[in-house]
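Before any comments, here is the structure.
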Amino acid sequence: MLGLDRDDLVKYFEARGEKRFRATQLMLWLYHKRELNFESMSNIAATLRRVMAEELTVELPQVLTVLESQDGTVKWLMKAQSGDTIETVLIPDGRRQTLCISSQVGCVLDCTFCATGKQGFNGNLGAGEIVGQVLQACLWLQENRPNERLSNVVFMGMGEPLLNFDATFKAIDVFKDDLGFGLSRRRVTVSTAGVVPGIERMCGLTTVALAVSLHAPNDEIRSELVPLNRRYPIEALIDACRAYLESQDVKATITFEYTLINEVNDMPSLALDLAKLLRNFRCKVNLIPFNPFPGSTYQRPSETRIYAFHKLLMDNGVRAMRRTTRGADIDAACGQLVGRVSDRTRRAARYREGVNPIFAPAEKIPTSTVPN
Ligand code: SAH
C-alpha cells in the first residue's frame with residue numbers, strides 16, 4: 001500500500017466502482033493521521049474497509065534498532081523485505097529535520113571511499129520500503145520529539161537512487177503530495193554518483209533538487225574514486241547536469257558533493273580545476289571531509305587543508321559549503337552506512353580478501369542495473 005501514489009489509489013478504487021475521493025480519505029488516514037489500521041478508518045464504509053483489508057497491506061519496514069547520537073542525530077536499522085538491513089538517518093539542524101534515506105540494499109557502484117559499497121549489493125528497495133522509512137521516522141518523531149516535524153528528505157543513504165529509478169520517483173510522488181508528506185520540491189533531494197541516463201530521464205519528469213557526487217575535477221582521479229566514471233565520464237555528466245538545469249526554472253541549482261580525502265583529491269590545484277569546471281554553472285559545492293570506517297585506508301585531510309581547499313573555491317567564484325559531520329558516535333555520518341547485506345555481488349568477500357576495488361575493471365559494473 002505504501003508503494004502506491006495518489007494516481008494508483010484512484011485507479012484502485014475506480015476499478016472497484018468506488019469514488020475517487022476514497023483515495024483522498026485513505027491517504028489522509030495514512031500520512032496525516034498516521035493510522036495504519038483499515039478498521040479504524042471510520043469515514044470509510046465498513047464493507048469497503050473489509051475489501052481493503054483483504055486486498056491491501058500496510059507494511060512498514062521493521063525497526064530493528066534506533067540509535068541516538070549526542071548531537072541529536074538518529075539512526076534506524078530497519079529490515080527490508082529481503083531480510084537485509086538498511087539504514088535511515090535523521091539529522092536535526094536548527095529548524096530543519098532532514099531524513100537521509102536508502103534506495104537500495106547495499107550498492108553496486110563500489111565507490112572506493114564509501115562503506116556501503118564494500119558491503120556489496122543485494123537488490124532494489126520497493127517504493128513502499130522507501131516511503132516506509134519516512135513513515136517510520138515520522139512515527140518516531142511524533143512519539144519522541146512531538147514538537148519536531150520532518151522538513152527535508154535526501155536520497156543520500158545506502159544505494160544509488162537513479163539505478164532504482166521507478167521506485168524512487170514513485171516514492172517521491174508520495175513525499176511531495178499534499179495528501180502524502182507534503183514536502184515541496186526543493187525539500188526532496190536525489191543524490192547520484194553520476195548515472196547519466198538517469199539524470200537525462202529526470203529532465204521534464206521531475207523538479208526535485210539534484211545533488212551529484214563529483215569528488216574530482218578530472219577523469220583520472222574520479223575514475224579511481226567512482227568506478228562508474230569510466231562509463232559516464234565528467235564531460236557527459238556535466239552535460240547531463242546542464243540539461244537538467246535547463247529543464248528547471250531559473251532559480252534551480254545543482255549541488256555537487258565533494259568528499260575531501262587527504263592527498264587524493266584535496267590538492268590546491270584541484271580546487272582551481274574544480275572552479276574552472278564549474279564556472280558559469282548554477283551550482284554550489286558541498287565539501288564533506290572523509291569519514292573513516294573500518295578497513296578504509298583513506299584519511300581525512302587536516303583542518304588546514306580543508307580550509308585551504310574551501311577558500312580557493314570561494315575565491316574563484318564557487319559557492320562552497322563545508323558539511324559538518326553529524327552522528328559520528330553512532331556511525332551515522334556520510335559514507336558510514338553499512339546495514340547488513342547478504343551480498344549478491346560477493347564484493348564484501350573480495351574486500352576482505354584485500355583485492356583493491358579501485359582497480360576493478362569497468363566491466364565489473366553489472367550492466368543489468370545500469371539503464372542504457
Ligand atoms: N549513490 C548516491 C547516494 C549515496 S550518498 C551518491 O553517490 O550520491 C553518498 C554521499 O555520501 C556521497 O556524496 C559521498 O560524498 C558521501 N560519502 C560516501 N562515503 C563517504 C565517506 N566515507 N566520508 C564522507 N562522505 C562520504
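Each chain of the C-alpha cells is named A, B, ... in the order shown, its residues numbered from 1; ligands are numbered from 1 in display order.
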Contact check, chain A to ligand 1, at most 9 Å, counting only C-alpha atoms and all ligand atoms, closest pairs as JSON lines:
{"residue": "A:Cys100", "atom": "CA", "partner": "ligand 1", "partner_atom_place_in_ligand_line": "5 (S)", "distance": 8.8}
{"residue": "A:Ser102", "atom": "CA", "partner": "ligand 1", "partner_atom_place_in_ligand_line": "4 (C)", "distance": 8.0}
{"residue": "A:Ser103", "atom": "CA", "partner": "ligand 1", "partner_atom_place_in_ligand_line": "3 (C)", "distance": 8.3}
{"residue": "A:Cys107", "atom": "CA", "partner": "ligand 1", "partner_atom_place_in_ligand_line": "1 (N)", "distance": 7.5}
{"residue": "A:Leu109", "atom": "CA", "partner": "ligand 1", "partner_atom_place_in_ligand_line": "1 (N)", "distance": 7.6}
{"residue": "A:Cys111", "atom": "CA", "partner": "ligand 1", "partner_atom_place_in_ligand_line": "19 (N)", "distance": 7.7}
{"residue": "A:Thr112", "atom": "CA", "partner": "ligand 1", "partner_atom_place_in_ligand_line": "19 (N)", "distance": 8.2}
{"residue": "A:Phe113", "atom": "CA", "partner": "ligand 1", "partner_atom_place_in_ligand_line": "22 (N)", "distance": 4.9}
{"residue": "A:Cys114", "atom": "CA", "partner": "ligand 1", "partner_atom_place_in_ligand_line": "19 (N)", "distance": 3.6}
{"residue": "A:Ala115", "atom": "CA", "partner": "ligand 1", "partner_atom_place_in_ligand_line": "19 (N)", "distance": 6.3}
{"residue": "A:Thr116", "atom": "CA", "partner": "ligand 1", "partner_atom_place_in_ligand_line": "19 (N)", "distance": 7.6}
{"residue": "A:Gly117", "atom": "CA", "partner": "ligand 1", "partner_atom_place_in_ligand_line": "19 (N)", "distance": 8.8}
{"residue": "A:Val154", "atom": "CA", "partner": "ligand 1", "partner_atom_place_in_ligand_line": "5 (S)", "distance": 8.6}
{"residue": "A:Phe155", "atom": "CA", "partner": "ligand 1", "partner_atom_place_in_ligand_line": "3 (C)", "distance": 5.9}
{"residue": "A:Met156", "atom": "CA", "partner": "ligand 1", "partner_atom_place_in_ligand_line": "5 (S)", "distance": 3.5}
{"residue": "A:Gly157", "atom": "CA", "partner": "ligand 1", "partner_atom_place_in_ligand_line": "4 (C)", "distance": 5.3}
{"residue": "A:Met158", "atom": "CA", "partner": "ligand 1", "partner_atom_place_in_ligand_line": "4 (C)", "distance": 5.8}
{"residue": "A:Gly159", "atom": "CA", "partner": "ligand 1", "partner_atom_place_in_ligand_line": "1 (N)", "distance": 5.1}
{"residue": "A:Glu160", "atom": "CA", "partner": "ligand 1", "partner_atom_place_in_ligand_line": "1 (N)", "distance": 3.7}
{"residue": "A:Pro161", "atom": "CA", "partner": "ligand 1", "partner_atom_place_in_ligand_line": "1 (N)", "distance": 6.5}
{"residue": "A:Leu162", "atom": "CA", "partner": "ligand 1", "partner_atom_place_in_ligand_line": "1 (N)", "distance": 8.1}
{"residue": "A:Leu163", "atom": "CA", "partner": "ligand 1", "partner_atom_place_in_ligand_line": "1 (N)", "distance": 8.9}
{"residue": "A:Val190", "atom": "CA", "partner": "ligand 1", "partner_atom_place_in_ligand_line": "3 (C)", "distance": 7.7}
{"residue": "A:Ser191", "atom": "CA", "partner": "ligand 1", "partner_atom_place_in_ligand_line": "8 (O)", "distance": 4.1}
{"residue": "A:Thr192", "atom": "CA", "partner": "ligand 1", "partner_atom_place_in_ligand_line": "8 (O)", "distance": 3.7}
{"residue": "A:Ala193", "atom": "CA", "partner": "ligand 1", "partner_atom_place_in_ligand_line": "7 (O)", "distance": 3.6}
{"residue": "A:Gly194", "atom": "CA", "partner": "ligand 1", "partner_atom_place_in_ligand_line": "7 (O)", "distance": 7.4}
{"residue": "A:Ala211", "atom": "CA", "partner": "ligand 1", "partner_atom_place_in_ligand_line": "8 (O)", "distance": 6.8}
{"residue": "A:Val212", "atom": "CA", "partner": "ligand 1", "partner_atom_place_in_ligand_line": "8 (O)", "distance": 5.8}
{"residue": "A:Ser213", "atom": "CA", "partner": "ligand 1", "partner_atom_place_in_ligand_line": "13 (O)", "distance": 4.4}
{"residue": "A:Leu214", "atom": "CA", "partner": "ligand 1", "partner_atom_place_in_ligand_line": "13 (O)", "distance": 7.5}
{"residue": "A:His215", "atom": "CA", "partner": "ligand 1", "partner_atom_place_in_ligand_line": "15 (O)", "distance": 7.1}
{"residue": "A:Val226", "atom": "CA", "partner": "ligand 1", "partner_atom_place_in_ligand_line": "7 (O)", "distance": 8.5}
{"residue": "A:Phe256", "atom": "CA", "partner": "ligand 1", "partner_atom_place_in_ligand_line": "13 (O)", "distance": 8.0}
{"residue": "A:Glu257", "atom": "CA", "partner": "ligand 1", "partner_atom_place_in_ligand_line": "13 (O)", "distance": 5.0}
{"residue": "A:Tyr258", "atom": "CA", "partner": "ligand 1", "partner_atom_place_in_ligand_line": "15 (O)", "distance": 5.6}
{"residue": "A:Thr259", "atom": "CA", "partner": "ligand 1", "partner_atom_place_in_ligand_line": "15 (O)", "distance": 4.6}
{"residue": "A:Leu260", "atom": "CA", "partner": "ligand 1", "partner_atom_place_in_ligand_line": "24 (C)", "distance": 7.5}
{"residue": "A:Ile261", "atom": "CA", "partner": "ligand 1", "partner_atom_place_in_ligand_line": "23 (N)", "distance": 8.3}
{"residue": "A:Asn286", "atom": "CA", "partner": "ligand 1", "partner_atom_place_in_ligand_line": "15 (O)", "distance": 8.5}
{"residue": "A:Leu287", "atom": "CA", "partner": "ligand 1", "partner_atom_place_in_ligand_line": "15 (O)", "distance": 8.1}
{"residue": "A:Ile288", "atom": "CA", "partner": "ligand 1", "partner_atom_place_in_ligand_line": "24 (C)", "distance": 5.5}
{"residue": "A:Pro289", "atom": "CA", "partner": "ligand 1", "partner_atom_place_in_ligand_line": "24 (C)", "distance": 5.7}
{"residue": "A:Phe290", "atom": "CA", "partner": "ligand 1", "partner_atom_place_in_ligand_line": "23 (N)", "distance": 3.6}
{"residue": "A:Asn291", "atom": "CA", "partner": "ligand 1", "partner_atom_place_in_ligand_line": "23 (N)", "distance": 3.7}
{"residue": "A:Pro292", "atom": "CA", "partner": "ligand 1", "partner_atom_place_in_ligand_line": "22 (N)", "distance": 5.5}
{"residue": "A:Phe293", "atom": "CA", "partner": "ligand 1", "partner_atom_place_in_ligand_line": "22 (N)", "distance": 6.7}
{"residue": "A:Ser296", "atom": "CA", "partner": "ligand 1", "partner_atom_place_in_ligand_line": "22 (N)", "distance": 8.4}
{"residue": "A:Tyr298", "atom": "CA", "partner": "ligand 1", "partner_atom_place_in_ligand_line": "22 (N)", "distance": 8.6}
{"residue": "A:Arg300", "atom": "CA", "partner": "ligand 1", "partner_atom_place_in_ligand_line": "23 (N)", "distance": 8.3}
{"residue": "A:Thr325", "atom": "CA", "partner": "ligand 1", "partner_atom_place_in_ligand_line": "24 (C)", "distance": 8.4}
{"residue": "A:Ala333", "atom": "CA", "partner": "ligand 1", "partner_atom_place_in_ligand_line": "24 (C)", "distance": 7.2}
{"residue": "A:Cys334", "atom": "CA", "partner": "ligand 1", "partner_atom_place_in_ligand_line": "25 (N)", "distance": 4.3}
{"residue": "A:Gly335", "atom": "CA", "partner": "ligand 1", "partner_atom_place_in_ligand_line": "19 (N)", "distance": 2.9}
{"residue": "A:Gln336", "atom": "CA", "partner": "ligand 1", "partner_atom_place_in_ligand_line": "22 (N)", "distance": 6.0}
{"residue": "A:Leu337", "atom": "CA", "partner": "ligand 1", "partner_atom_place_in_ligand_line": "19 (N)", "distance": 8.4}
Taking a cut-off of 12 Å and counting only C-alpha atoms, can you build a table that, for each residue of segment 125-203 of chain A near segment 230-236 of chain A, reports the nearest atom pair and how far apart they are in Å (one decimal), sorted by chain then residue number, as CSV?
residue,atom,partner,partner_atom,distance
A:Ala193,CA,A:Tyr232,CA,10.0
A:Gly194,CA,A:Tyr232,CA,7.1
A:Val195,CA,A:Tyr232,CA,7.2
A:Val196,CA,A:Tyr232,CA,6.4
A:Pro197,CA,A:Tyr232,CA,9.1
A:Gly198,CA,A:Tyr232,CA,11.3
A:Ile199,CA,A:Ala236,CA,10.7
A:Glu200,CA,A:Ala236,CA,10.5
*Select from segment 163-345 of chain A everything DSSP, run on the backbone, classes as alpha helix (DSSP H), then give the selection as a PyMOL selection string.*
chain A and resi 165-176+196-202+219-225+234-246+268-277+303-315
*Counting only C-alpha atoms, figure out which residue out of A:Phe38, A:Tyr31, A:Phe169, A:Phe121 gets nearest to Val134 of chain A.*
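Among the listed residues, the smallest separation from Val134 of chain A belongs to A:Tyr31.
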*Quick one: distance from atom CA of Gln299 of chain A to atom CA of Val264 of chain A in Å, one decimal?*
9.1 Å
Would you pick out the contacts of segment 171-184 of chain A at 6 Å or less, using only C-alpha atoms, so that residues sharing its chain but fewer than 3 positions from it are not included, and give the list as a short mmCIF file (atom, residue, chain, number, x, y, z; two decimals) with N, CA, C and O atoms, in the first residue's frame?
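What landed in selection_13.cif:
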data_model
loop_
_atom_site.label_atom_id
_atom_site.label_comp_id
_atom_site.auth_asym_id
_atom_site.auth_seq_id
_atom_site.Cartn_x
_atom_site.Cartn_y
_atom_site.Cartn_z
N ASP A 5 1.01 5.56 -5.22
CA ASP A 5 0.80 7.01 -5.10
C ASP A 5 -0.68 7.33 -5.32
O ASP A 5 -1.50 6.42 -5.49
N MET A 27 -5.42 8.32 1.99
CA MET A 27 -4.11 8.95 2.18
C MET A 27 -4.09 9.83 3.43
O MET A 27 -3.09 9.88 4.15
N LEU A 28 -5.19 10.53 3.68
CA LEU A 28 -5.24 11.36 4.90
C LEU A 28 -5.10 10.50 6.15
O LEU A 28 -4.39 10.86 7.09
N TYR A 31 -1.14 9.14 5.99
CA TYR A 31 0.01 10.03 6.07
C TYR A 31 -0.23 11.24 6.98
O TYR A 31 0.71 11.82 7.48
N ALA A 127 9.11 0.84 -3.74
CA ALA A 127 8.65 2.19 -3.38
C ALA A 127 8.07 2.19 -1.97
O ALA A 127 8.29 3.12 -1.19
N VAL A 131 9.09 4.71 1.05
CA VAL A 131 8.10 5.51 1.79
C VAL A 131 8.05 5.07 3.25
O VAL A 131 7.94 5.89 4.17
N THR A 168 12.08 4.98 -6.83
CA THR A 168 12.48 6.26 -6.26
C THR A 168 11.45 7.34 -6.59
O THR A 168 10.99 8.08 -5.71
N ARG A 187 12.67 20.47 -1.19
CA ARG A 187 12.97 19.77 0.07
C ARG A 187 13.15 18.27 -0.11
O ARG A 187 13.24 17.52 0.84
#
_Members of segment 138-234 of chain A assigned strand (DSSP E or B) by DSSP, as a PyMOL selection string_ = chain A and resi 152-155+188-192+209-213
Kindly export the residues of the current selection with C-alpha atoms, as a PDB file, in the first residue's frame.
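Below is the file that was written, again-v3.pdb:
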ATOM      1  CA  ASN A 152      13.535  17.500   4.139  1.00  0.00           C
ATOM      2  CA  VAL A 153      14.245  14.132   2.596  1.00  0.00           C
ATOM      3  CA  VAL A 154      17.538  13.318   0.873  1.00  0.00           C
ATOM      4  CA  PHE A 155      18.409  10.135  -1.013  1.00  0.00           C
ATOM      5  CA  VAL A 188      13.436  16.461  -1.674  1.00  0.00           C
ATOM      6  CA  THR A 189      16.949  15.790  -2.978  1.00  0.00           C
ATOM      7  CA  VAL A 190      18.051  12.942  -5.191  1.00  0.00           C
ATOM      8  CA  SER A 191      21.774  12.302  -4.900  1.00  0.00           C
ATOM      9  CA  THR A 192      23.572  10.392  -7.644  1.00  0.00           C
ATOM     10  CA  ALA A 209      16.657  19.015  -6.193  1.00  0.00           C
ATOM     11  CA  LEU A 210      19.598  17.188  -7.743  1.00  0.00           C
ATOM     12  CA  ALA A 211      22.881  16.500  -5.961  1.00  0.00           C
ATOM     13  CA  VAL A 212      25.771  14.957  -7.871  1.00  0.00           C
ATOM     14  CA  SER A 213      28.680  13.243  -6.154  1.00  0.00           C
TER      15      SER A 213
END
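Checking A:Arg22, A:Val250, A:Leu277, A:Asn262 one by one against Ile238 of chain A, counting only C-alpha atoms, you find the shortest gap at A:Leu277.
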*Test item: residues at most 8 Å from Ala23 of chain A, only C-alpha atoms, excluding those fewer than 4 positions along its chain, as JSON, numbers by chain*: {"A": [6, 9, 10, 13, 27]}
*asked:* I'd like the contact shell of segment 266-273 of chain A - 10 Å cut-off, only C-alpha atoms, skipping same-chain residues fewer than 6 positions apart - returned as a VMD selection string.
replied: chain A and resid 215 to 218 258 to 260 279 289 300 to 301 305 to 306 308 to 316 318
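Distance check against Gln136 of chain A using only C-alpha atoms: of A:Met202, A:Pro92, A:Arg34, A:Ala45, the minimum falls on A:Arg34.
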*Would you work out the distance separating atom CA of Thr65 of chain A from atom CA of Leu125 of chain A, expressed in Å to one decimal?*
19.0 Å
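In terms of minimum interatomic distance to Ile91 of chain A, A:Thr324 ranks closest within A:Asn164, A:Asn280, A:Thr324, A:Ser42, counting only C-alpha atoms.
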*Point-to-point distance from atom CA of Gly132 of chain A to atom CA of Gln248 of chain A, Å rounded to tenths*: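 Here the two named atoms are 28.7 Å from each other.
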*Which one is closest to Gly17 of chain A: A:Lys251, A:Cys241, A:Arg326, A:Leu48? Count only C-alpha atoms.*
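Ranking A:Lys251, A:Cys241, A:Arg326, A:Leu48 by distance to Gly17 of chain A, first place goes to A:Leu48.
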What lies within 12 Å of Trp140 of chain A using only C-alpha atoms, ignoring chain neighbours under 6 positions off, as a CSV table (one decimal) with all heavy atoms, in the first residue's frame?
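Resulting contents of part.csv:
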chain,number,residue,atom,x,y,z
A,34,ARG,N,-1.7,9.2,10.4
A,34,ARG,CA,-0.8,8.0,10.7
A,34,ARG,C,-1.5,6.9,11.3
A,34,ARG,O,-1.1,6.3,12.3
A,34,ARG,CB,0.4,8.5,11.5
A,34,ARG,CG,1.0,9.8,11.0
A,34,ARG,CD,2.5,9.8,10.9
A,34,ARG,NE,2.9,11.0,10.2
A,34,ARG,CZ,3.2,12.1,10.7
A,34,ARG,NH1,3.3,12.2,12.0
A,34,ARG,NH2,3.6,13.1,10.0
A,63,VAL,N,11.6,-1.9,12.4
A,63,VAL,CA,12.7,-1.2,13.0
A,63,VAL,C,13.4,-2.2,13.9
A,63,VAL,O,12.8,-2.8,14.9
A,63,VAL,CB,12.3,0.0,13.9
A,63,VAL,CG1,13.5,0.6,14.6
A,63,VAL,CG2,11.7,1.1,13.0
A,66,VAL,N,17.2,1.5,17.1
A,66,VAL,CA,17.3,3.0,17.0
A,66,VAL,C,18.4,3.5,17.8
A,66,VAL,O,18.5,3.2,19.0
A,66,VAL,CB,16.0,3.7,17.5
A,66,VAL,CG1,16.0,5.2,17.1
A,66,VAL,CG2,14.7,3.0,17.0
A,67,LEU,N,19.3,4.3,17.2
A,67,LEU,CA,20.4,4.8,17.9
A,67,LEU,C,20.4,6.3,17.9
A,67,LEU,O,20.1,6.9,16.9
A,67,LEU,CB,21.8,4.4,17.3
A,67,LEU,CG,22.0,2.9,17.2
A,67,LEU,CD1,23.2,2.6,16.3
A,67,LEU,CD2,22.4,2.4,18.7
A,68,GLU,N,20.6,6.9,19.1
A,68,GLU,CA,20.5,8.4,19.1
A,68,GLU,C,21.9,8.9,19.5
A,68,GLU,O,22.5,8.5,20.4
A,68,GLU,CB,19.6,8.9,20.2
A,68,GLU,CG,18.1,8.9,19.8
A,68,GLU,CD,17.2,9.5,20.8
A,68,GLU,OE1,17.2,10.7,21.0
A,68,GLU,OE2,16.5,8.7,21.5
A,74,VAL,N,19.7,10.7,14.7
A,74,VAL,CA,19.1,9.4,15.0
A,74,VAL,C,19.3,8.5,13.8
A,74,VAL,O,19.2,8.8,12.7
A,74,VAL,CB,17.5,9.5,15.2
A,74,VAL,CG1,16.9,8.2,15.7
A,74,VAL,CG2,17.2,10.7,16.2
A,75,LYS,N,19.7,7.3,14.2
A,75,LYS,CA,19.9,6.3,13.1
A,75,LYS,C,19.0,5.1,13.4
A,75,LYS,O,19.0,4.5,14.5
A,75,LYS,CB,21.4,5.8,13.0
A,75,LYS,CG,21.6,4.8,11.9
A,75,LYS,CD,23.1,4.6,11.6
A,75,LYS,CE,23.7,3.5,12.5
A,75,LYS,NZ,25.0,3.1,12.0
A,76,TRP,N,18.3,4.6,12.3
A,76,TRP,CA,17.5,3.4,12.4
A,76,TRP,C,18.1,2.3,11.6
A,76,TRP,O,18.5,2.6,10.5
A,76,TRP,CB,16.1,3.7,11.8
A,76,TRP,CG,15.2,4.5,12.6
A,76,TRP,CD1,14.3,4.2,13.5
A,76,TRP,CD2,15.1,6.0,12.5
A,76,TRP,NE1,13.6,5.3,14.0
A,76,TRP,CE2,14.1,6.4,13.4
A,76,TRP,CE3,15.8,6.9,11.8
A,76,TRP,CZ2,13.7,7.7,13.6
A,76,TRP,CZ3,15.4,8.3,11.9
A,76,TRP,CH2,14.4,8.6,12.8
A,90,LEU,N,18.2,10.5,10.7
A,90,LEU,CA,17.6,11.8,10.8
A,90,LEU,C,18.6,12.8,11.3
A,90,LEU,O,19.3,12.5,12.3
A,90,LEU,CB,16.4,11.7,11.8
A,90,LEU,CG,15.7,13.0,12.1
A,90,LEU,CD1,14.8,13.4,11.0
A,90,LEU,CD2,14.9,13.0,13.4
A,133,GLN,N,10.4,4.0,5.2
A,133,GLN,CA,11.4,4.6,6.1
A,133,GLN,C,11.0,6.0,6.6
A,133,GLN,O,11.2,6.3,7.7
A,133,GLN,CB,12.7,4.8,5.3
A,133,GLN,CG,13.4,3.5,4.8
A,133,GLN,CD,14.5,3.8,3.8
A,133,GLN,OE1,15.5,4.4,4.1
A,133,GLN,NE2,14.3,3.3,2.6
A,134,VAL,N,10.3,6.8,5.7
A,134,VAL,CA,9.9,8.1,6.1
A,134,VAL,C,8.8,8.0,7.1
A,134,VAL,O,8.8,8.7,8.1
A,134,VAL,CB,9.5,8.9,4.8
A,134,VAL,CG1,9.0,10.3,5.2
A,134,VAL,CG2,10.6,9.0,3.8
A,146,PRO,N,7.7,15.4,19.8
A,146,PRO,CA,6.4,15.8,19.3
A,146,PRO,C,6.4,17.3,18.7
A,146,PRO,O,5.6,17.6,17.9
A,146,PRO,CB,5.4,15.7,20.4
A,146,PRO,CG,6.2,15.5,21.6
A,146,PRO,CD,7.6,15.0,21.3
A,147,ASN,N,7.4,18.1,19.1
A,147,ASN,CA,7.4,19.4,18.5
A,147,ASN,C,8.1,19.5,17.2
A,147,ASN,O,8.2,20.6,16.6
A,147,ASN,CB,8.1,20.4,19.5
A,147,ASN,CG,7.3,20.5,20.8
A,147,ASN,OD1,6.0,20.3,20.8
A,147,ASN,ND2,7.9,20.6,21.9
A,148,GLU,N,8.8,18.5,16.8
A,148,GLU,CA,9.5,18.5,15.5
A,148,GLU,C,8.8,17.8,14.4
A,148,GLU,O,8.1,16.8,14.6
A,148,GLU,CB,10.9,17.7,15.7
A,148,GLU,CG,11.7,18.2,16.9
A,148,GLU,CD,12.2,19.6,16.7
A,148,GLU,OE1,12.0,20.2,15.6
A,148,GLU,OE2,12.8,20.2,17.6
A,149,ARG,N,8.9,18.4,13.2
A,149,ARG,CA,8.3,17.8,12.0
A,149,ARG,C,9.4,17.6,10.9
A,149,ARG,O,10.3,18.4,10.8
A,149,ARG,CB,7.2,18.7,11.4
A,149,ARG,CG,6.0,18.8,12.3
A,149,ARG,CD,4.8,19.3,11.5
A,149,ARG,NE,4.6,18.4,10.4
A,149,ARG,CZ,4.1,18.7,9.2
A,149,ARG,NH1,3.8,20.0,9.0
A,149,ARG,NH2,3.8,17.8,8.3
A,150,LEU,N,9.2,16.5,10.2
A,150,LEU,CA,10.2,16.3,9.1
A,150,LEU,C,10.1,17.4,8.1
A,150,LEU,O,9.0,17.8,7.7
A,150,LEU,CB,9.8,14.9,8.5
A,150,LEU,CG,10.8,14.4,7.6
A,150,LEU,CD1,12.0,13.9,8.4
A,150,LEU,CD2,10.3,13.2,6.8
